[in-house]
$ cat query03.txt   # compact mmCIF, C-alpha atoms
# COMPACT_ATOMS: atom_id res chain seq x y z
CA MET A 80 -18.22 220.86 118.06
CA GLU A 81 -19.86 217.48 117.67
CA SER A 82 -17.36 215.82 119.96
CA SER A 83 -18.01 218.38 122.70
CA VAL A 84 -21.75 217.67 122.47
CA GLN A 85 -20.93 213.98 122.68
CA SER A 86 -18.82 214.54 125.76
CA ALA A 87 -21.56 216.55 127.43
CA VAL A 88 -24.13 213.83 126.71
CA PHE A 89 -21.73 211.16 127.97
CA TYR A 90 -21.05 212.95 131.24
CA ILE A 91 -24.73 213.71 131.88
CA LEU A 92 -25.73 210.11 131.19
CA SER A 93 -22.87 208.80 133.35
CA ALA A 94 -23.91 211.04 136.23
CA ILE A 95 -27.50 209.78 135.97
CA ILE A 96 -26.33 206.15 135.75
CA VAL A 97 -23.96 206.32 138.71
CA GLY A 98 -26.30 208.38 140.88
CA SER A 99 -29.37 206.24 140.32
CA ALA A 100 -27.33 203.02 140.64
CA ILE A 101 -26.13 204.19 144.06
CA LEU A 102 -29.75 204.93 144.98
CA VAL A 103 -30.71 201.42 143.78
CA VAL A 104 -28.33 199.79 146.25
CA THR A 105 -28.94 202.18 149.16
CA LEU A 106 -32.65 203.16 149.27
CA LYS A 107 -34.68 201.60 152.05
CA ASN A 108 -37.88 201.16 150.06
CA ILE A 109 -37.35 198.40 147.51
CA PHE A 110 -40.03 199.67 145.18
CA HIS A 111 -38.33 203.07 144.96
CA SER A 112 -34.99 201.44 144.26
CA LEU A 113 -36.66 199.44 141.47
CA LEU A 114 -37.87 202.70 139.90
CA PHE A 115 -34.32 204.05 140.00
CA LEU A 116 -33.17 200.79 138.40
CA VAL A 117 -35.50 201.61 135.49
CA LEU A 118 -33.87 205.04 135.21
CA THR A 119 -30.44 203.38 135.18
CA PHE A 120 -31.52 201.01 132.39
CA PHE A 121 -32.85 203.90 130.30
CA SER A 122 -29.64 205.89 130.70
CA ILE A 123 -27.58 202.84 129.76
CA ALA A 124 -29.68 202.60 126.60
CA GLY A 125 -28.64 206.20 125.93
CA ILE A 126 -25.00 205.19 126.36
CA TYR A 127 -25.55 202.43 123.77
CA VAL A 128 -26.98 204.94 121.30
CA LEU A 129 -23.89 207.08 121.92
CA LEU A 130 -21.78 204.03 121.03
CA HIS A 131 -23.65 203.54 117.70
CA ALA A 132 -25.38 200.40 118.97
CA GLU A 133 -28.97 201.29 118.18
CA PHE A 134 -30.17 197.70 118.03
CA ILE A 135 -28.76 196.89 121.47
CA ALA A 136 -30.33 200.07 122.82
CA ALA A 137 -33.74 198.99 121.54
CA VAL A 138 -33.24 195.50 122.95
CA GLN A 139 -32.18 197.02 126.28
CA VAL A 140 -35.37 199.07 126.49
CA LEU A 141 -37.55 196.13 125.43
CA ILE A 142 -36.04 193.44 127.63
CA TYR A 143 -34.66 195.26 130.66
CA VAL A 144 -37.11 198.14 130.99
CA GLY A 145 -40.02 196.08 129.70
CA ALA A 146 -39.67 192.48 130.72
CA ILE A 147 -37.26 192.24 133.63
CA THR A 148 -38.72 195.26 135.42
CA VAL A 149 -42.22 193.84 135.19
CA LEU A 150 -40.92 190.52 136.54
CA LEU A 151 -39.27 192.33 139.45
CA ILE A 152 -42.45 194.32 140.16
CA PHE A 153 -44.43 191.08 140.29
CA ALA A 154 -41.86 189.51 142.60
CA ILE A 155 -41.89 192.54 144.92
CA MET A 156 -45.67 192.58 145.01
CA MET A 157 -45.90 188.87 145.76
CA THR A 158 -43.43 188.99 148.64
CA ALA A 159 -43.91 191.08 151.74
CA GLN A 160 -41.36 192.97 153.85
CA ILE A 161 -40.99 195.94 151.54
CA TYR A 162 -42.65 199.00 152.95
CA SER A 163 -42.01 198.68 156.66
CA PRO A 164 -39.90 201.66 157.78
CA VAL A 165 -38.41 199.76 160.72
CA LEU A 166 -37.18 196.88 158.56
CA ARG A 167 -33.44 196.84 158.10
CA GLN A 168 -32.51 196.46 154.42
CA THR A 169 -28.77 196.18 154.82
CA ASN A 170 -26.83 193.56 156.71
CA GLU A 171 -23.88 194.19 159.00
CA GLN A 172 -21.30 194.01 156.17
CA VAL A 173 -21.54 197.64 155.05
CA ILE A 174 -18.04 198.66 156.16
CA PRO A 175 -16.24 195.54 154.81
CA GLY A 176 -18.31 195.83 151.64
CA LEU A 177 -17.26 199.44 151.14
CA ILE A 178 -13.60 198.52 151.69
CA ILE A 179 -13.75 195.60 149.23
CA VAL A 180 -15.55 197.65 146.60
CA GLY A 181 -13.17 200.59 147.03
CA VAL A 182 -10.07 198.43 146.65
CA LEU A 183 -11.58 196.68 143.62
CA LEU A 184 -12.54 199.98 141.98
CA ILE A 185 -9.14 201.58 142.52
CA THR A 186 -7.35 198.48 141.22
CA THR A 187 -9.56 198.32 138.15
CA LEU A 188 -9.09 202.01 137.36
CA ILE A 189 -5.30 201.74 137.75
CA VAL A 190 -5.23 198.71 135.44
CA LEU A 191 -7.42 200.55 132.92
CA GLY A 192 -5.14 203.56 132.98
CA ASN A 193 -2.03 201.45 132.39
CA THR A 194 -3.39 199.28 129.59
CA ALA A 195 -2.60 200.19 125.99
CA TRP A 196 -5.71 199.20 124.04
CA ARG A 197 -5.24 198.36 120.38
CA VAL A 198 -7.89 200.79 119.22
CA SER A 199 -8.97 200.24 115.65
CA GLU A 200 -8.85 203.26 113.37
CA LYS A 201 -11.69 202.11 111.15
CA LEU A 202 -14.98 203.97 111.24
CA PRO A 203 -17.78 202.22 113.07
CA GLU A 204 -20.33 200.27 111.07
CA THR A 205 -23.33 202.42 110.27
CA GLN A 206 -25.83 199.63 109.62
CA SER A 207 -25.25 197.67 112.78
CA ILE A 208 -28.44 195.60 112.49
CA VAL A 209 -27.39 194.13 109.15
CA THR A 210 -23.98 193.13 110.49
CA ILE A 211 -25.40 191.66 113.71
CA GLY A 212 -28.04 189.70 111.84
CA LYS A 213 -25.54 188.28 109.38
CA SER A 214 -23.07 187.22 112.04
CA LEU A 215 -25.83 185.74 114.23
CA LEU A 216 -26.87 183.46 111.38
CA THR A 217 -23.42 182.62 110.02
CA THR A 218 -20.49 182.79 112.46
CA TYR A 219 -22.49 182.55 115.68
CA VAL A 220 -25.31 180.30 114.54
CA LEU A 221 -24.44 177.55 117.03
CA PRO A 222 -24.45 179.85 120.11
CA PHE A 223 -27.63 181.42 118.76
CA GLU A 224 -29.41 178.07 118.70
CA VAL A 225 -27.98 177.07 122.07
CA VAL A 226 -29.27 180.31 123.57
CA SER A 227 -32.75 179.56 122.28
CA VAL A 228 -32.61 176.17 124.01
CA VAL A 229 -31.39 177.88 127.19
CA LEU A 230 -34.32 180.31 127.05
CA ILE A 231 -36.94 177.59 126.63
CA THR A 232 -35.31 175.58 129.44
CA ALA A 233 -35.38 178.60 131.75
CA LEU A 234 -39.02 179.27 130.89
CA ILE A 235 -40.12 175.69 131.58
CA SER A 236 -38.04 175.42 134.74
CA ALA A 237 -39.42 178.70 136.09
CA ILE A 238 -42.95 177.43 135.58
CA ILE A 239 -42.15 174.09 137.22
CA ILE A 240 -40.33 175.69 140.15
CA ALA A 241 -42.98 178.28 140.92
CA ARG A 242 -46.16 176.27 140.44
CA ARG A 243 -48.18 175.10 143.41
CA ASP A 244 -48.17 171.35 143.85
CA MET B 93 -13.25 213.60 123.27
CA ILE B 94 -14.64 210.45 124.87
CA THR B 95 -12.21 207.57 124.61
CA LEU B 96 -12.51 203.87 125.32
CA ASN B 97 -11.20 204.40 128.85
CA HIS B 98 -14.12 206.66 129.75
CA TYR B 99 -16.64 203.94 128.95
CA LEU B 100 -14.57 201.29 130.73
CA ALA B 101 -14.30 203.50 133.83
CA LEU B 102 -18.07 204.04 133.82
CA ALA B 103 -18.62 200.29 133.50
CA SER B 104 -16.24 199.48 136.34
CA ILE B 105 -17.91 202.03 138.63
CA LEU B 106 -21.30 200.51 137.82
CA PHE B 107 -19.93 197.00 138.43
CA CYS B 108 -18.55 198.00 141.82
CA ILE B 109 -21.89 199.53 142.82
CA GLY B 110 -23.52 196.24 141.86
CA ILE B 111 -21.03 194.26 143.96
CA TYR B 112 -21.71 196.57 146.90
CA GLY B 113 -25.42 195.89 146.53
CA VAL B 114 -24.90 192.13 146.40
CA LEU B 115 -22.68 192.23 149.49
CA THR B 116 -24.83 194.46 151.68
CA ARG B 117 -28.49 194.04 150.72
CA ARG B 118 -30.66 191.70 152.77
CA ASN B 119 -33.67 191.37 150.50
CA ALA B 120 -33.21 188.69 147.83
CA ILE B 121 -34.93 190.80 145.16
CA SER B 122 -32.52 193.67 145.87
CA VAL B 123 -29.64 191.27 145.40
CA LEU B 124 -31.11 190.31 142.02
CA MET B 125 -31.41 193.99 141.07
CA SER B 126 -27.74 194.50 141.92
CA ILE B 127 -26.84 191.51 139.75
CA GLU B 128 -28.72 193.15 136.88
CA LEU B 129 -26.58 196.28 137.40
CA MET B 130 -23.46 194.10 137.05
CA PHE B 131 -24.81 192.52 133.84
CA ASN B 132 -25.34 196.01 132.44
CA ALA B 133 -21.79 197.02 133.34
CA ALA B 134 -20.48 194.00 131.42
CA ASN B 135 -22.68 194.96 128.47
CA ILE B 136 -21.31 198.51 128.42
CA ASN B 137 -17.83 196.99 128.27
CA PHE B 138 -18.77 194.68 125.40
CA ILE B 139 -20.32 197.45 123.33
CA ALA B 140 -17.49 199.90 124.00
CA PHE B 141 -14.99 197.27 122.84
CA SER B 142 -17.24 196.60 119.86
CA LYS B 143 -17.08 200.23 118.79
CA PHE B 144 -13.41 200.88 119.48
CA ILE B 145 -11.67 197.56 118.75
CA THR B 146 -13.83 195.56 116.32
CA PRO B 147 -15.89 198.22 114.53
CA VAL B 148 -16.29 196.19 111.34
CA PHE B 149 -17.54 192.83 112.62
CA LEU B 150 -19.31 194.18 115.75
CA THR B 151 -18.42 191.06 117.74
CA GLY B 152 -19.09 192.85 121.02
CA GLN B 153 -22.66 193.71 120.06
CA VAL B 154 -23.37 190.09 119.17
CA PHE B 155 -22.05 189.06 122.57
CA ALA B 156 -24.17 191.73 124.24
CA VAL B 157 -27.26 190.17 122.66
CA PHE B 158 -26.29 186.83 124.20
CA VAL B 159 -25.62 188.43 127.58
CA ILE B 160 -29.03 190.11 127.60
CA THR B 161 -30.69 186.80 126.73
CA ILE B 162 -28.90 184.94 129.51
CA ALA B 163 -29.75 187.77 131.92
CA ALA B 164 -33.43 187.43 131.08
CA ALA B 165 -33.29 183.66 131.65
CA GLU B 166 -31.41 184.16 134.92
CA ALA B 167 -33.93 186.71 136.19
CA THR B 168 -36.83 184.37 135.40
CA VAL B 169 -35.39 181.36 137.21
CA ALA B 170 -34.06 183.36 140.15
CA LEU B 171 -37.36 185.13 140.76
CA ALA B 172 -39.20 181.82 140.57
CA ILE B 173 -36.84 180.43 143.23
CA VAL B 174 -37.30 183.55 145.39
CA ILE B 175 -41.08 183.27 145.21
CA LEU B 176 -40.91 179.55 146.03
CA ILE B 177 -38.69 180.20 149.05
CA TYR B 178 -41.02 182.94 150.22
CA ARG B 179 -44.00 180.63 149.91
CA HIS B 180 -42.38 177.88 151.96
CA HIS B 181 -40.53 179.89 154.61
CA LYS B 182 -42.31 183.29 154.69
CA GLU B 183 -38.87 184.84 154.56
CA ILE B 184 -37.08 186.76 151.82
CA ASN B 185 -34.02 188.14 153.58
CA VAL B 186 -30.97 186.24 152.41
CA ASP B 187 -29.26 186.23 155.80
CA LYS B 188 -32.17 184.19 157.16
CA ILE B 189 -32.28 181.77 154.23
CA ASN B 190 -29.52 179.49 155.43
CA PHE B 191 -31.33 176.19 155.56
CA LEU B 192 -28.86 174.65 153.09
CA LYS B 193 -26.11 174.97 155.70
CA TRP B 194 -27.20 172.20 158.04
$ encode --input "query03.txt" --output "structure tokens"
Amino acid sequence: MESSVQSAVFYILSAIIVGSAILVVTLKNIFHSLLFLVLTFFSIAGIYVLLHAEFIAAVQVLIYVGAITVLLIFAIMMTAQIYSPVLRQTNEQVIPGLIIVGVLLITTLIVLGNTAWRVSEKLPETQSIVTIGKSLLTTYVLPFEVVSVVLITALISAIIIARRD
Amino acid sequence: MITLNHYLALASILFCIGIYGVLTRRNAISVLMSIELMFNAANINFIAFSKFITPVFLTGQVFAVFVITIAAAEATVALAIVILIYRHHKEINVDKINFLKW
């Protein structure tokens, strides 16, 4: 019973994700496609909850839906060429792009179908935050610190790049 | 029953949609949005592997945290560059921004 509910939730979320992602890359109005990007991010957070990754789901909502979307809204508002109905939003590579993407998708799905994953039989960790926190401060403490340096570098460089001189 | 392959198929479809957006969109901000879609596809892969292959140590979730951080940094710098280019050239369509070519 529970697994059928899980399947239903998975398929609904997948349909929302794929549909709104297609709208993101095809809509003419960029602001509308940004709103559908928000919907995609929310549904992906739902997929994370389905995968027992509650912490990542919260981080997804905070950073993607909160921060990155606001950044994108600011960028759209500060640059023109959004709302004009005569403006072309796609270049002339639609047909080659579709062919490349189709070939890539079919190849990937075939490879996925033929791969024997070594799926672990153990039950998933229930307290994921505790495990993530411990491994961030023990096994992965060096990448953790490096990432903090990367973040501060990106922050400073964004300010320096975008300021008026 | 939802298996690992379902999540991987979803992630690859999302990744391909992102690639299509990067290849065909003209507006630089749309290209960035498509790149975010591809980051999210990679994250779905990481977390699916984390649940199905390393459920005890949750290595995939730790990596997903790093990916989200790098994605935030990338979005910041890229949008700053886009705004700078717009300020100097009054142009945001990437097929017109080819002044690095010659």
$ residues_near_point --input "query03.txt" --point "(-29.7, 196.5, 155.7)" --cutoff "9 Å" --atoms "all atoms listed in the file" --output "list in words"
Thr105, Lys107, Leu166, Arg167, Gln168, Thr169, Asn170, Glu171, Gln172 and Val173 of chain A; Thr116, Arg117, Arg118 and Asn119 of chain B
$ interface_residues --input "query03.txt" --of "chain B" --to "chain A" --cutoff "6 Å" --atoms "only C-alpha atoms" --output "PDB file with C-alpha atoms, keeping the file's coordinate frame"
ATOM      1  CA  MET B  93     -13.250 213.600 123.270  1.00  0.00           C
ATOM      2  CA  ILE B  94     -14.640 210.450 124.870  1.00  0.00           C
ATOM      3  CA  CYS B 108     -18.550 198.000 141.820  1.00  0.00           C
ATOM      4  CA  TYR B 112     -21.710 196.570 146.900  1.00  0.00           C
ATOM      5  CA  GLY B 113     -25.420 195.890 146.530  1.00  0.00           C
ATOM      6  CA  THR B 116     -24.830 194.460 151.680  1.00  0.00           C
ATOM      7  CA  ARG B 117     -28.490 194.040 150.720  1.00  0.00           C
ATOM      8  CA  ARG B 118     -30.660 191.700 152.770  1.00  0.00           C
ATOM      9  CA  PHE B 144     -13.410 200.880 119.480  1.00  0.00           C
ATOM     10  CA  ILE B 145     -11.670 197.560 118.750  1.00  0.00           C
ATOM     11  CA  PRO B 147     -15.890 198.220 114.530  1.00  0.00           C
ATOM     12  CA  VAL B 148     -16.290 196.190 111.340  1.00  0.00           C
ATOM     13  CA  ALA B 165     -33.290 183.660 131.650  1.00  0.00           C
ATOM     14  CA  VAL B 169     -35.390 181.360 137.210  1.00  0.00           C
ATOM     15  CA  ALA B 172     -39.200 181.820 140.570  1.00  0.00           C
ATOM     16  CA  LEU B 176     -40.910 179.550 146.030  1.00  0.00           C
TER      17      LEU B 176
END
$ atom_distance --input "query03.txt" --atom1 "atom CA of B:Ile139" --atom2 "atom CA of B:Leu96"
10.3 Å
$ closest_residue --input "query03.txt" --among "B:Ala170, B:Ile162, B:Leu192, B:Ile109" --to "B:Ala133" --atoms "all atoms listed in the file"
B:Ile109
$ closest_residue --input "query03.txt" --among "B:Leu150, B:Leu171, B:Val157, B:Ala120" --to "B:Ile184" --atoms "only C-alpha atoms"
B:Ala120
$ atom_distance --input "query03.txt" --atom1 "atom CA of B:Ala167" --atom2 "atom CA of B:Met130"
12.8 Å
$ closest_residue --input "query03.txt" --among "B:Leu124, B:Asn185, B:Ile105, B:Tyr178" --to "B:Ile136" --atoms "all atoms listed in the file"
B:Ile105
